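S.K.: Pasting model29.cif below, which is mmCIF, C-alpha atoms.
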```cif
data_entry
#
loop_
_atom_site.group_PDB
_atom_site.id
_atom_site.type_symbol
_atom_site.label_atom_id
_atom_site.label_comp_id
_atom_site.auth_asym_id
_atom_site.auth_seq_id
_atom_site.Cartn_x
_atom_site.Cartn_y
_atom_site.Cartn_z
ATOM 1 C CA MET T 1 0.957 21.505 23.773
ATOM 2 C CA ALA T 2 -2.705 20.624 24.133
ATOM 3 C CA ASN T 3 -4.504 22.373 27.005
ATOM 4 C CA SER T 4 -7.977 20.863 27.206
ATOM 5 C CA LYS T 5 -8.808 17.228 27.931
ATOM 6 C CA GLN T 6 -10.329 16.909 24.474
ATOM 7 C CA ALA T 7 -7.199 18.241 22.776
ATOM 8 C CA ILE T 8 -4.973 15.912 24.820
ATOM 9 C CA LYS T 9 -7.114 12.918 23.814
ATOM 10 C CA ARG T 10 -7.063 13.933 20.134
ATOM 11 C CA ALA T 11 -3.276 14.322 20.235
ATOM 12 C CA LYS T 12 -2.946 10.759 21.597
ATOM 13 C CA GLN T 13 -5.384 9.415 19.002
ATOM 14 C CA ASN T 14 -3.561 11.171 16.194
ATOM 15 C CA ALA T 15 -0.243 9.706 17.303
ATOM 16 C CA GLU T 16 -1.659 6.167 17.365
ATOM 17 C CA THR T 17 -3.389 6.620 14.007
ATOM 18 C CA TYR T 18 -0.154 7.913 12.503
ATOM 19 C CA LYS T 19 1.768 4.831 13.662
ATOM 20 C CA LEU T 20 -0.876 2.482 12.282
ATOM 21 C CA ARG T 21 -1.235 4.236 8.932
ATOM 22 C CA HIS T 22 2.528 4.598 8.563
ATOM 23 C CA ALA T 23 2.981 0.830 8.990
ATOM 24 C CA GLN T 24 0.186 0.076 6.520
ATOM 25 C CA ARG T 25 1.613 2.502 3.956
ATOM 26 C CA SER T 26 5.005 0.872 4.353
ATOM 27 C CA LYS T 27 3.422 -2.534 3.714
ATOM 28 C CA VAL T 28 1.936 -1.193 0.469
ATOM 29 C CA ARG T 29 5.274 0.192 -0.691
ATOM 30 C CA THR T 30 7.031 -3.094 0.096
ATOM 31 C CA ALA T 31 4.449 -5.113 -1.853
ATOM 32 C CA VAL T 32 4.702 -2.836 -4.894
ATOM 33 C CA LYS T 33 8.495 -2.903 -4.698
ATOM 34 C CA ALA T 34 8.435 -6.724 -4.700
ATOM 35 C CA VAL T 35 6.379 -6.775 -7.901
ATOM 36 C CA ARG T 36 8.696 -4.290 -9.591
ATOM 37 C CA ALA T 37 11.745 -6.303 -8.517
ATOM 38 C CA SER T 38 10.354 -9.527 -10.003
ATOM 39 C CA ILE T 39 9.481 -7.655 -13.213
ATOM 40 C CA ALA T 40 13.035 -6.341 -13.387
ATOM 41 C CA ALA T 41 14.331 -9.895 -12.857
ATOM 42 C CA ASN T 42 12.227 -11.091 -15.839
ATOM 43 C CA ASP T 43 10.411 -13.713 -13.767
ATOM 44 C CA PRO T 44 6.763 -13.877 -14.959
ATOM 45 C CA ALA T 45 5.658 -16.589 -12.510
ATOM 46 C CA GLN T 46 6.959 -14.773 -9.465
ATOM 47 C CA ALA T 47 5.707 -11.435 -10.822
ATOM 48 C CA LYS T 48 2.140 -12.796 -11.070
ATOM 49 C CA GLU T 49 2.337 -14.178 -7.540
ATOM 50 C CA MET T 50 3.685 -10.891 -6.174
ATOM 51 C CA LEU T 51 1.036 -8.976 -8.135
ATOM 52 C CA ASN T 52 -1.764 -10.960 -6.464
ATOM 53 C CA ASN T 53 -0.297 -10.144 -3.059
ATOM 54 C CA ALA T 54 0.156 -6.466 -3.940
ATOM 55 C CA GLU T 55 -3.434 -6.192 -5.185
ATOM 56 C CA LYS T 56 -4.726 -7.566 -1.878
ATOM 57 C CA VAL T 57 -2.588 -5.133 0.108
ATOM 58 C CA LEU T 58 -3.595 -2.186 -2.097
ATOM 59 C CA ASP T 59 -7.320 -3.002 -1.854
ATOM 60 C CA SER T 60 -7.080 -3.446 1.890
ATOM 61 C CA SER T 61 -5.298 -0.145 2.445
ATOM 62 C CA ALA T 62 -7.686 1.686 0.095
ATOM 63 C CA SER T 63 -10.704 0.386 2.014
ATOM 64 C CA LYS T 64 -9.095 1.578 5.270
ATOM 65 C CA LYS T 65 -8.474 4.966 3.621
ATOM 66 C CA VAL T 66 -4.720 4.701 4.096
ATOM 67 C CA ILE T 67 -4.331 5.523 0.398
ATOM 68 C CA HIS T 68 -6.933 6.894 -2.001
ATOM 69 C CA LYS T 69 -8.958 4.294 -3.897
ATOM 70 C CA ASN T 70 -8.033 5.834 -7.251
ATOM 71 C CA ALA T 71 -4.336 5.708 -6.349
ATOM 72 C CA ALA T 72 -4.728 2.019 -5.521
ATOM 73 C CA ALA T 73 -6.554 1.367 -8.795
ATOM 74 C CA ARG T 74 -3.933 3.266 -10.787
ATOM 75 C CA THR T 75 -1.075 1.365 -9.157
ATOM 76 C CA LYS T 76 -2.767 -2.017 -9.707
ATOM 77 C CA SER T 77 -3.425 -1.147 -13.331
ATOM 78 C CA ARG T 78 0.158 -0.126 -14.038
ATOM 79 C CA LEU T 79 1.596 -3.169 -12.292
ATOM 80 C CA SER T 80 -0.713 -5.613 -14.087
ATOM 81 C CA LYS T 81 0.103 -3.972 -17.423
ATOM 82 C CA ALA T 82 3.824 -4.439 -16.736
ATOM 83 C CA VAL T 83 3.327 -8.090 -15.669
ATOM 84 C CA LYS T 84 1.292 -8.843 -18.807
ATOM 85 C CA ALA T 85 4.073 -7.367 -20.944
ATOM 86 C CA LEU T 86 6.450 -9.986 -19.495
ATOM 87 C CA SER T 87 4.352 -12.953 -20.649
#
```
Rewrite the structure of this file - the entire thing - as structure tokens.
M.R.:
Amino acid sequence: MANSKQAIKRAKQNAETYKLRHAQRSKVRTAVKAVRASIAANDPAQAKEMLNNAEKVLDSSASKKVIHKNAAARTKSRLSKAVKALS
């Protein structure tokens, strides 16, 4: 357990940051999963709509440093490639 005041404060901050980042990461995974589900269902219109939403979520989380910007770019690229293959 933390002994100094500074260490106690950092432990609290880390716990709060973890909760926030965990929720944001979960949001990213859900958005990506929705795109993949609509691709699997062969629904190009819904896939494009879900892709737009996923791109927003990925960009947002990359700017907040929840995920790395290159990981966000790679995911967006692969999803858009898959959606274009449906059309």
S.K.: For the file shown, report as a list in words the outcome of the PyMOL selection byres ((chain T and resi 36-47) around 12) at residue level.
M.R.: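 Applying the expression gives Arg29, Thr30, Ala31, Val32, Lys33, Ala34, Val35, Lys48, Glu49, Met50, Leu51, Asn52, Asn53, Ala54, Glu55, Thr75, Lys76, Arg78, Leu79, Ser80, Lys81, Ala82, Val83, Lys84, Ala85, Leu86 and Ser87 of chain T.
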S.K.: Could you work out how far atom CA of T:Gln6 lies from atom CA of T:Ala62, giving the answer in Å with one decimal?
M.R.: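 Going from atom CA of T:Ala62 over to atom CA of T:Gln6 covers 28.9 Å.
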S.K.: Take atom CA of T:Lys19 and atom CA of T:Arg74 and report the distance between them in Å, one decimal.
M.R.: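 Separating atom CA of T:Lys19 from atom CA of T:Arg74 is a distance of 25.2 Å.
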S.K.: Around (-0.9, 5.6, -1.1) in the file's frame, which residues reach within 8 Å when counting all atoms listed in the file? Return as a PDB file with C-alpha atoms, in the frame of the given file?
M.R.:
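Here's the written file selection_30.pdb:
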```pdb
ATOM      1  CA  ARG T  25       1.613   2.502   3.956  1.00  0.00           C
ATOM      2  CA  VAL T  28       1.936  -1.193   0.469  1.00  0.00           C
ATOM      3  CA  ALA T  62      -7.686   1.686   0.095  1.00  0.00           C
ATOM      4  CA  VAL T  66      -4.720   4.701   4.096  1.00  0.00           C
ATOM      5  CA  ILE T  67      -4.331   5.523   0.398  1.00  0.00           C
ATOM      6  CA  HIS T  68      -6.933   6.894  -2.001  1.00  0.00           C
ATOM      7  CA  ALA T  71      -4.336   5.708  -6.349  1.00  0.00           C
ATOM      8  CA  ALA T  72      -4.728   2.019  -5.521  1.00  0.00           C
TER       9      ALA T  72
END
```
S.K.: In Å, with one decimal, what is the gap from atom CA of T:Lys65 to atom CA of T:Ala15?
M.R.: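 Those two atoms sit 16.7 Å apart.
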S.K.: Write out N, CA and C atoms for stretch 52-84 of chain T, as a short mmCIF file (atom, residue, chain, number, x, y, z; two decimals), keeping the file's coordinate frame.
M.R.:
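Just written: part06.cif:
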```
data_model
loop_
_atom_site.label_atom_id
_atom_site.label_comp_id
_atom_site.auth_asym_id
_atom_site.auth_seq_id
_atom_site.Cartn_x
_atom_site.Cartn_y
_atom_site.Cartn_z
N ASN T 52 -0.57 -10.58 -7.23
CA ASN T 52 -1.76 -10.96 -6.46
C ASN T 52 -1.67 -10.46 -5.03
N ASN T 53 -0.51 -10.62 -4.43
CA ASN T 53 -0.30 -10.14 -3.06
C ASN T 53 -0.42 -8.62 -2.99
N ALA T 54 0.19 -7.93 -3.94
CA ALA T 54 0.16 -6.47 -3.94
C ALA T 54 -1.26 -5.95 -4.12
N GLU T 55 -2.05 -6.62 -4.98
CA GLU T 55 -3.43 -6.19 -5.18
C GLU T 55 -4.24 -6.31 -3.90
N LYS T 56 -4.03 -7.39 -3.16
CA LYS T 56 -4.73 -7.57 -1.88
C LYS T 56 -4.36 -6.45 -0.91
N VAL T 57 -3.06 -6.17 -0.82
CA VAL T 57 -2.59 -5.13 0.11
C VAL T 57 -3.12 -3.76 -0.31
N LEU T 58 -3.10 -3.47 -1.61
CA LEU T 58 -3.60 -2.19 -2.10
C LEU T 58 -5.10 -2.03 -1.83
N ASP T 59 -5.87 -3.07 -2.10
CA ASP T 59 -7.32 -3.00 -1.85
C ASP T 59 -7.62 -2.81 -0.38
N SER T 60 -6.89 -3.53 0.45
CA SER T 60 -7.08 -3.45 1.89
C SER T 60 -6.78 -2.04 2.40
N SER T 61 -5.66 -1.48 1.96
CA SER T 61 -5.30 -0.14 2.44
C SER T 61 -6.22 0.93 1.87
N ALA T 62 -6.74 0.72 0.67
CA ALA T 62 -7.69 1.69 0.10
C ALA T 62 -9.00 1.66 0.86
N SER T 63 -9.44 0.47 1.27
CA SER T 63 -10.70 0.39 2.01
C SER T 63 -10.57 0.98 3.41
N LYS T 64 -9.34 0.98 3.96
CA LYS T 64 -9.10 1.58 5.27
C LYS T 64 -8.74 3.05 5.15
N LYS T 65 -8.78 3.57 3.92
CA LYS T 65 -8.47 4.97 3.62
C LYS T 65 -7.04 5.37 3.99
N VAL T 66 -6.14 4.40 3.90
CA VAL T 66 -4.72 4.70 4.10
C VAL T 66 -4.20 5.38 2.83
N ILE T 67 -4.62 4.86 1.67
CA ILE T 67 -4.33 5.52 0.40
C ILE T 67 -5.66 5.72 -0.32
N HIS T 68 -5.69 6.62 -1.27
CA HIS T 68 -6.93 6.89 -2.00
C HIS T 68 -7.27 5.72 -2.91
N LYS T 69 -8.55 5.45 -3.09
CA LYS T 69 -8.96 4.29 -3.90
C LYS T 69 -8.51 4.43 -5.35
N ASN T 70 -8.48 5.65 -5.87
CA ASN T 70 -8.03 5.83 -7.25
C ASN T 70 -6.53 5.60 -7.38
N ALA T 71 -5.79 5.95 -6.34
CA ALA T 71 -4.34 5.71 -6.35
C ALA T 71 -4.07 4.21 -6.34
N ALA T 72 -4.87 3.48 -5.56
CA ALA T 72 -4.73 2.02 -5.52
C ALA T 72 -5.06 1.42 -6.89
N ALA T 73 -6.14 1.88 -7.49
CA ALA T 73 -6.55 1.37 -8.80
C ALA T 73 -5.50 1.67 -9.86
N ARG T 74 -4.95 2.87 -9.81
CA ARG T 74 -3.93 3.27 -10.79
C ARG T 74 -2.67 2.41 -10.64
N THR T 75 -2.26 2.18 -9.41
CA THR T 75 -1.08 1.36 -9.16
C THR T 75 -1.28 -0.07 -9.62
N LYS T 76 -2.46 -0.64 -9.28
CA LYS T 76 -2.77 -2.02 -9.71
C LYS T 76 -2.77 -2.13 -11.22
N SER T 77 -3.34 -1.14 -11.88
CA SER T 77 -3.42 -1.15 -13.33
C SER T 77 -2.04 -1.12 -13.97
N ARG T 78 -1.18 -0.25 -13.47
CA ARG T 78 0.16 -0.13 -14.04
C ARG T 78 0.99 -1.37 -13.78
N LEU T 79 0.84 -1.95 -12.60
CA LEU T 79 1.60 -3.17 -12.29
C LEU T 79 1.12 -4.33 -13.16
N SER T 80 -0.20 -4.49 -13.30
CA SER T 80 -0.71 -5.61 -14.09
C SER T 80 -0.34 -5.46 -15.56
N LYS T 81 -0.32 -4.23 -16.05
CA LYS T 81 0.10 -3.97 -17.42
C LYS T 81 1.56 -4.40 -17.63
N ALA T 82 2.40 -4.09 -16.65
CA ALA T 82 3.82 -4.44 -16.74
C ALA T 82 4.02 -5.95 -16.67
N VAL T 83 3.22 -6.63 -15.81
CA VAL T 83 3.33 -8.09 -15.67
C VAL T 83 2.86 -8.77 -16.96
N LYS T 84 1.78 -8.26 -17.55
CA LYS T 84 1.29 -8.84 -18.81
C LYS T 84 2.30 -8.68 -19.93
#
```
